[in-house]
Structure formats: C-alpha cells, structure tokens
2 protein chains.
Amino acid sequence: MAALPAFDRLVAALEGLPGIGPKSARRLAYYLLAAPEHEAGALAAALAEARERTRSCTICHALTETDPCNICSDPTRDRRLLAVVEDAADVYVLERTREFRGRYHVLAGVLAPLRGIGPDDLNVADLVARVERPSEGEAVEEVLLATNPNVEGESTALYLARRLKPLGVKVTRLALGLPVGAALEFADEVTLSRSLSGRREI
Amino acid sequence: MAALPAFDRLVAALEGLPGIGPKSARRLAYYLLAAPEHEAGALAAALAEARERTRSCTICHALTETDPCNICSDPTRDRRLLAVVEDAADVYVLERTREFRGRYHVLAGVLAPLRGIGPDDLNVADLVARVERPSEGEAVEEVLLATNPNVEGESTALYLARRLKPLGVKVTRLALGLPVGAALEFADEVTLSRSLSGRREI
C-alpha cells in the first residue's frame with residue numbers, strides 16, 4: 001500500500017466533519033487534490049473569509065455579519081414574539097417558512113445533564129433577561145420554545161417554561177403531529193398519538 | 001431573511017464538492033464557523049499541505065508523495081502484470097483487496113466522445129509505450145483492464161484491448177458477476193446474465 005501521510009492527514013481532517021464518513025472523506029480528498037489551484041484556493045479563502053466576517057449577534061446569538069443581526073435590527077419584525085431555538089442553523093430553517101414574523105433567541109445547545117451541559121453553558125441567562133427586563137419597546141408577550149421534538153429538546157423546553165412562565169409571559173411550543181404529505185401507515189406510534197391528542201376542529 | 005454574503009459564499013464553495021448537496025453544505029458551513037480556530041485551521045492546513053506534497057507518479061500517474069511512487073519502486077511487485085484503472089482512487093480500492101501484486105497505470109479518465117474526451121486526453125500513449133518499449137527488466141506480460149463495468153469503462157477497455165493485443169501482450173478484464181453476499185432475487189438481469197455466461201466449474 002502506498003504511504004501517503006499528507007493525503008491521510010487530509011482524509012482524517014475531512015472525516016472529522018459532520019456527515020462525512022471514511023469513504024466520502026477519501027473521495028473529497030482525491031477531488032480536492034485533483035481540483036485546479038483556483039478552486040481549492042477558493043474553498044480555503046471562502047472558509048477563512050466566512051470565519052473572519054461572521055459572528056454571533058449580541059442580542060439573539062444568531063450567526064450574523066453585522067451586529068445586531070438583520071433580524072434583531074429589522075423594525076418590521078414583531079418584538080412581542082420570541083422564538084427560542086437550539087442552534088443558529090434553526091433560525092434559517094424557520095426563516096425559510098416565511099411564516100414566523102417575530103424575533104429569535106439561540107440557546108447554542110440543549111440541556112444535557114449526562115454530558116455535563118447545564119443552563120449556565122447555554123444562552124439562558126440573557127433569554128430570561130430579555131423577558132424579565134426588556135429595553136423600552138422590546139417587551140416580549142409570547143415565547144415560542146422551538147427546540148427539537150426529541151428527549152433533550154423537550155426537557156430543555158420544559159425547563160425554560162418553568163423559568164419563563166412566572167415572569168407573566170405566554171409560553172408556547174411547536175405543534176407535534178403528522179408531517180404534511182405523509183401517510184398514516186408510515187407514522188410511528190408516538191407521532192400518531194401526539195397527532196391524535198393535538199387534533200383540531202375544522 | 002438575514003443577509004450573510006460571506007456565509008453564502010462558503011456554502012456555495014462547499015456545494016461544489018462531489019456528494020455534498022445544499023443541505024450538507026449548509027450544515028458543514030455552520031459547523032466550520034462554530035469550530036474552534038485550531039480545528040478549522042487544521043483542515044485548511046491539511047488541504048494546503050496535501051496539495052503541496054502529493055503529485056502524480058511519473059511512471060503510473062497514481063497519487064504519490066514520492067516519485068516514482070512506492071508501488072512503482074517496490075522491487076517485490078510483479079512487473080509482468082499491469083492493471084489499468086480510471087482514477088488514482090481506484091489504485092487504493094484494488095490495493096485494499098491485498099490480492100493484486102502487479103503494478104498500475106492510471107488513465108485519469110475514460111473515453112467519452114460525447115464530452116470530447118479522446119485517447120489524447122488520457123494517459124494512453126505512455127501506457128502503450130510501457131508495453132511496447134519497456135525499460136530493462138520491465139517487460140509486461142499481462143495487462144488487466146480494470147476500468148469500471150459501465151458503458152464508458154467498457155468501451156475504454158475495448159479500445160485499449162485493440163491497441164495492446166497487437167503488441168503481443170495478454171489482455172484481461174475483471175470478472176463480472178454477482179457481488180459476494182448478494183441474493184439472486186435482487187440481482188439485475190444484466191449482471192445475472194454476465195454471471196451465467198462467466199460460470200465456472202468447481
């Protein structure tokens with residue numbers, strides 16, 4: 001077998017990325033080595049530039065290239081409604097629906113006691129502050145807990161609800177149920193029972 | 001929607017990579033921006049170093065960090081047997097079997113008249129030269145055409161067989177048939193008929 005230490009280090013670095021397995025890492029490495037200099041250079045430059053220019057919004061912690069971010073500084077967004085999400089990527093996912101007109105607060109993770117992640121490791125303190133001591137004209141009336149519908153996301157939502165409700169704010173959660181376009185036949189039991197209990201009159 | 005031009009350029013650069021779709025590109029971008037500096041830096045450094053150190057072997061065109069490559073310069077490899085493969089990555093795939101003890105010749109592509117790729121665009125001339133005018137002690141007795149078993153790979157193999165057979169060398173092709181561990185029921189008709197016509201006495 002040919003000894004290619006520099007190549008193997010590139011494969012190892014690529015394998016460290018999320019969703020990239022050993023085979024993809026190797027394919028990417030061959031591609032990046034065969035690519036013309038300007039293409040490989042463009043990728044490295046785009047990475048360096050994006051790391052240089054993007055930061056976390058000081059108000060909502062979303063990924064931004066200005067501070068505060070475009071959403072926090074947009075006067076047409078509804079300041080009374082605040083969506084709490086796990087990651088900066090979730091802001092993009094919700095924005096894509098074009099349905100949500102409030103603002104965001106990125107936790108940067110979820111509570112995970114087994115991994116030693118508590119409220120102090122997340123952006124919880126300033127979420128509470130945004131609700132408890134809003135700046136003028138920034139009073140929040142509803143907090144939508146849009147953490148993921150899995151064990152950690154649910155327990156994080158429960159924890160936040162207990163912290164926020166005493167402050168007199170309405171606390172809501174995303175609806176659970178069948179995905180649009182799905183068939184009953186292929187739904188798992190938990191989703192189907194959540195869908196039943198959340199049934200709505202039409 | 002937040003305006004993130006530098007972030008979008010990074011996503012676009014990642015989307016240009018093979019096997020990376022829009023969703024993976026976005027996930028990778030968020031990951032690379034959130035990663036600690038040493039990790040993002042390590043990836044960029046590994047890419048630059050691998051591009052700097054690896055080159056194409058002047059004998060077989062495989063990816064190498066020495067020239068000639070470890071395989072071409074290994075005196076224990078069988079010089080009489082030469083495997084012709086499409087890409088440098090295929091060398092690794094065959095090496096992994098630990099069955100092939102000959103040497104390699106990387107075509108760097110396949111014949112594809114519709115895309116304007118002819119023999120002059122591939123490493124065909126020096127393949128013919130290796131067989132026709134070998135250096136001392138380098139005489140090739142068998143050329144195994146290990147191009148992919150698809151339309152372009154097959155027609156490239158046919159073309160090479162026509163060029164090489166008149167030079168008095170034995171020309172072979174990888175066996176086609178059922179993959180090990182597969183069930184007859186799930187084999188496509190073409191593979192099954194190839195498997196039938198290539199049946200062997202046991």
# chains A, B, ... in the order shown; residues from 1 in each chain; ligands from 1
$ residues_around --residues "Leu10 of chain B" --least-positions-apart "5" --cutoff "8 Å" --atoms "only C-alpha atoms" --output "PyMOL selection string"
(chain A and resi 43+46-47+50) or (chain B and resi 29)
$ write_last_selection --atoms "N, CA, C and O atoms" --output "PDB file, in the first residue's frame"
ATOM      1  N   LEU A  43     -12.053  27.573  -1.959  1.00  0.00           N
ATOM      2  CA  LEU A  43     -12.690  26.960  -0.797  1.00  0.00           C
ATOM      3  C   LEU A  43     -11.996  27.419   0.492  1.00  0.00           C
ATOM      4  O   LEU A  43     -12.655  27.846   1.438  1.00  0.00           O
ATOM      5  N   ALA A  46     -12.853  31.050   1.056  1.00  0.00           N
ATOM      6  CA  ALA A  46     -14.237  31.241   1.494  1.00  0.00           C
ATOM      7  C   ALA A  46     -14.378  30.891   2.969  1.00  0.00           C
ATOM      8  O   ALA A  46     -15.077  31.574   3.720  1.00  0.00           O
ATOM      9  N   LEU A  47     -13.682  29.823   3.390  1.00  0.00           N
ATOM     10  CA  LEU A  47     -13.722  29.426   4.799  1.00  0.00           C
ATOM     11  C   LEU A  47     -13.098  30.503   5.679  1.00  0.00           C
ATOM     12  O   LEU A  47     -13.691  30.939   6.668  1.00  0.00           O
ATOM     13  N   ALA A  50     -15.361  33.656   5.669  1.00  0.00           N
ATOM     14  CA  ALA A  50     -16.603  33.488   6.435  1.00  0.00           C
ATOM     15  C   ALA A  50     -16.304  33.484   7.939  1.00  0.00           C
ATOM     16  O   ALA A  50     -17.049  34.064   8.724  1.00  0.00           O
TER      17      ALA A  50
ATOM     18  N   ALA B  29     -21.049  24.266   6.722  1.00  0.00           N
ATOM     19  CA  ALA B  29     -20.661  25.664   6.904  1.00  0.00           C
ATOM     20  C   ALA B  29     -20.894  26.107   8.349  1.00  0.00           C
ATOM     21  O   ALA B  29     -20.024  26.717   8.968  1.00  0.00           O
TER      22      ALA B  29
END
$ residues_around --residues "Glu65 of chain A" --least-positions-apart "3" --cutoff "7 Å" --atoms "only C-alpha atoms" --output "ChimeraX atom specification"
/A:53-55 /B:4
$ write_last_selection --atoms "N, CA, C and O atoms" --output "CSV table (one decimal), in the first residue's frame"
chain,number,residue,atom,x,y,z
A,53,ARG,N,-15.6,37.1,8.9
A,53,ARG,CA,-16.8,38.1,8.8
A,53,ARG,C,-17.9,37.8,9.7
A,53,ARG,O,-18.7,38.6,10.0
A,54,THR,N,-18.2,36.5,10.0
A,54,THR,CA,-19.4,36.1,10.7
A,54,THR,C,-19.1,36.1,12.2
A,54,THR,O,-18.0,35.8,12.6
A,55,ARG,N,-20.1,36.5,12.9
A,55,ARG,CA,-20.0,36.5,14.4
A,55,ARG,C,-21.4,36.1,14.9
A,55,ARG,O,-22.3,35.9,14.2
B,4,LEU,N,-26.2,37.1,4.6
B,4,LEU,CA,-24.9,36.6,5.1
B,4,LEU,C,-24.1,36.3,3.9
B,4,LEU,O,-23.9,35.1,3.6
$ residues_around --residues "Ser195 of chain B" --least-positions-apart "4" --cutoff "9 Å" --atoms "only C-alpha atoms" --output "list in words"
Ala175, Leu176, Gly177, Leu178, Val190, Thr191 and Arg199 of chain B
$ write_last_selection --atoms "N, CA, C and O atoms" --output "mmCIF file, in the first residue's frame"
data_model
loop_
_atom_site.group_PDB
_atom_site.id
_atom_site.type_symbol
_atom_site.label_atom_id
_atom_site.label_comp_id
_atom_site.auth_asym_id
_atom_site.auth_seq_id
_atom_site.Cartn_x
_atom_site.Cartn_y
_atom_site.Cartn_z
ATOM 1 N N ALA B 175 -13.569 -9.927 -13.730
ATOM 2 C CA ALA B 175 -14.750 -10.763 -13.890
ATOM 3 C C ALA B 175 -16.005 -9.998 -13.487
ATOM 4 O O ALA B 175 -15.993 -9.218 -12.534
ATOM 5 N N LEU B 176 -17.092 -10.238 -14.225
ATOM 6 C CA LEU B 176 -18.379 -9.645 -13.871
ATOM 7 C C LEU B 176 -19.257 -10.748 -13.309
ATOM 8 O O LEU B 176 -19.188 -11.888 -13.744
ATOM 9 N N GLY B 177 -20.086 -10.435 -12.362
ATOM 10 C CA GLY B 177 -20.958 -11.454 -11.790
ATOM 11 C C GLY B 177 -21.659 -10.941 -10.562
ATOM 12 O O GLY B 177 -21.722 -9.732 -10.337
ATOM 13 N N LEU B 178 -22.187 -11.836 -9.784
ATOM 14 C CA LEU B 178 -22.918 -11.449 -8.581
ATOM 15 C C LEU B 178 -21.957 -10.964 -7.507
ATOM 16 O O LEU B 178 -20.904 -11.558 -7.310
ATOM 17 N N VAL B 190 -28.875 -7.857 -16.254
ATOM 18 C CA VAL B 190 -27.595 -7.780 -16.965
ATOM 19 C C VAL B 190 -26.499 -8.456 -16.155
ATOM 20 O O VAL B 190 -25.718 -9.261 -16.667
ATOM 21 N N THR B 191 -26.451 -8.145 -14.858
ATOM 22 C CA THR B 191 -25.434 -8.760 -14.001
ATOM 23 C C THR B 191 -25.625 -10.272 -13.964
ATOM 24 O O THR B 191 -24.665 -11.042 -14.059
ATOM 25 N N ARG B 199 -19.890 -18.479 -15.850
ATOM 26 C CA ARG B 199 -19.920 -19.533 -14.823
ATOM 27 C C ARG B 199 -18.670 -20.399 -14.872
ATOM 28 O O ARG B 199 -18.083 -20.595 -15.939
#
$ residues_around --residues "segment 110-121 of chain A" --least-positions-apart "6" --cutoff "10 Å" --atoms "only C-alpha atoms" --output "ChimeraX atom specification"
/A:85-87,147-148,151-157,159-160
$ interface_residues --of "chain B" --to "chain A" --cutoff "8 Å" --atoms "only C-alpha atoms" --output "VMD selection string"
chain B and resid 1 to 4 6 to 7 9 to 10 13 to 14 17 to 19 24 27 to 28 30 to 33 42 to 44 46 to 47 49 to 51 53 to 54 64 to 65 69 to 71 88 to 89 92 95 to 96
$ write_last_selection --atoms "C-alpha atoms" --output "mmCIF file, in the first residue's frame"
data_model
loop_
_atom_site.group_PDB
_atom_site.id
_atom_site.type_symbol
_atom_site.label_atom_id
_atom_site.label_comp_id
_atom_site.auth_asym_id
_atom_site.auth_seq_id
_atom_site.Cartn_x
_atom_site.Cartn_y
_atom_site.Cartn_z
ATOM 1 C CA MET B 1 -34.014 36.526 5.958
ATOM 2 C CA ALA B 2 -30.616 37.504 7.299
ATOM 3 C CA ALA B 3 -28.102 38.650 4.672
ATOM 4 C CA LEU B 4 -24.924 36.617 5.091
ATOM 5 C CA ALA B 6 -19.608 35.549 3.227
ATOM 6 C CA PHE B 7 -21.504 32.628 4.738
ATOM 7 C CA ARG B 9 -20.084 32.062 -0.461
ATOM 8 C CA LEU B 10 -18.744 29.350 1.872
ATOM 9 C CA ALA B 13 -17.929 26.602 -2.320
ATOM 10 C CA LEU B 14 -18.869 23.513 -0.266
ATOM 11 C CA LEU B 17 -17.713 19.386 -3.808
ATOM 12 C CA PRO B 18 -18.761 15.908 -5.001
ATOM 13 C CA GLY B 19 -21.503 14.295 -2.939
ATOM 14 C CA SER B 24 -24.982 19.129 3.751
ATOM 15 C CA ARG B 27 -24.592 22.029 7.839
ATOM 16 C CA LEU B 28 -20.865 21.872 7.117
ATOM 17 C CA TYR B 30 -22.332 26.144 10.289
ATOM 18 C CA TYR B 31 -20.022 23.512 11.733
ATOM 19 C CA LEU B 32 -16.873 25.062 10.279
ATOM 20 C CA LEU B 33 -17.832 28.502 11.577
ATOM 21 C CA ALA B 42 -6.107 22.269 10.724
ATOM 22 C CA LEU B 43 -8.433 21.468 7.834
ATOM 23 C CA ALA B 44 -7.145 24.369 5.720
ATOM 24 C CA ALA B 46 -4.089 19.745 5.804
ATOM 25 C CA LEU B 47 -5.511 20.718 2.406
ATOM 26 C CA GLU B 49 -0.039 20.533 2.784
ATOM 27 C CA ALA B 50 -1.575 17.625 0.872
ATOM 28 C CA ARG B 51 -1.748 19.733 -2.311
ATOM 29 C CA ARG B 53 3.212 17.282 -1.113
ATOM 30 C CA THR B 54 1.238 14.996 -3.392
ATOM 31 C CA THR B 64 2.085 9.872 -4.551
ATOM 32 C CA GLU B 65 4.276 11.854 -2.190
ATOM 33 C CA CYS B 69 5.538 6.069 -6.139
ATOM 34 C CA ASN B 70 6.003 3.355 -3.508
ATOM 35 C CA ILE B 71 4.369 0.762 -5.748
ATOM 36 C CA ALA B 88 -5.926 7.323 -8.754
ATOM 37 C CA ALA B 89 -8.640 6.436 -6.234
ATOM 38 C CA TYR B 92 -6.438 2.386 -3.362
ATOM 39 C CA GLU B 95 -4.734 -2.302 -3.003
ATOM 40 C CA ARG B 96 -7.256 -2.803 -0.246
#
$ select_by_dssp --residues "segment 15-57 of chain A" --states "helix (DSSP H, G or I)" --output "ChimeraX atom specification"
/A:15,22-34,37-53
$ atom_distance --atom1 "atom CA of Leu122 of chain B" --atom2 "atom CA of Val106 of chain B"
8.8 Å
$ atom_distance --atom1 "atom CA of Leu81 of chain B" --atom2 "atom CA of Glu142 of chain B"
5.0 Å
$ select_by_dssp --residues "chain B" --states "strand (DSSP E or B)" --output "list in words"
Arg55, Ser56, Leu63, Thr64, Leu81, Leu82, Ala83, Val84, Val85, Arg103, Tyr104, His105, Val106, Ala112, Ile117, Glu142, Val143, Leu144, Leu145, Lys170, Val171, Thr172 and Arg173 of chain B
$ residues_around --residues "Leu145 of chain A" --least-positions-apart "5" --cutoff "7 Å" --atoms "only C-alpha atoms" --output "list in words"
Ala83, Val84, Val85, Ala157, Thr172, Arg173 and Leu174 of chain A
$ closest_residue --among "B:Asp126, B:Asp78, B:Glu189, B:Glu132" --to "His105 of chain B" --atoms "only C-alpha atoms"
B:Asp126
$ residues_around --residues "Val171 of chain B" --least-positions-apart "5" --cutoff "8 Å" --atoms "only C-alpha atoms" --output "PyMOL selection string"
chain B and resi 142-145+161+164-165
$ atom_distance --atom1 "atom CA of Leu107 of chain A" --atom2 "atom CA of Ala25 of chain B"
22.5 Å
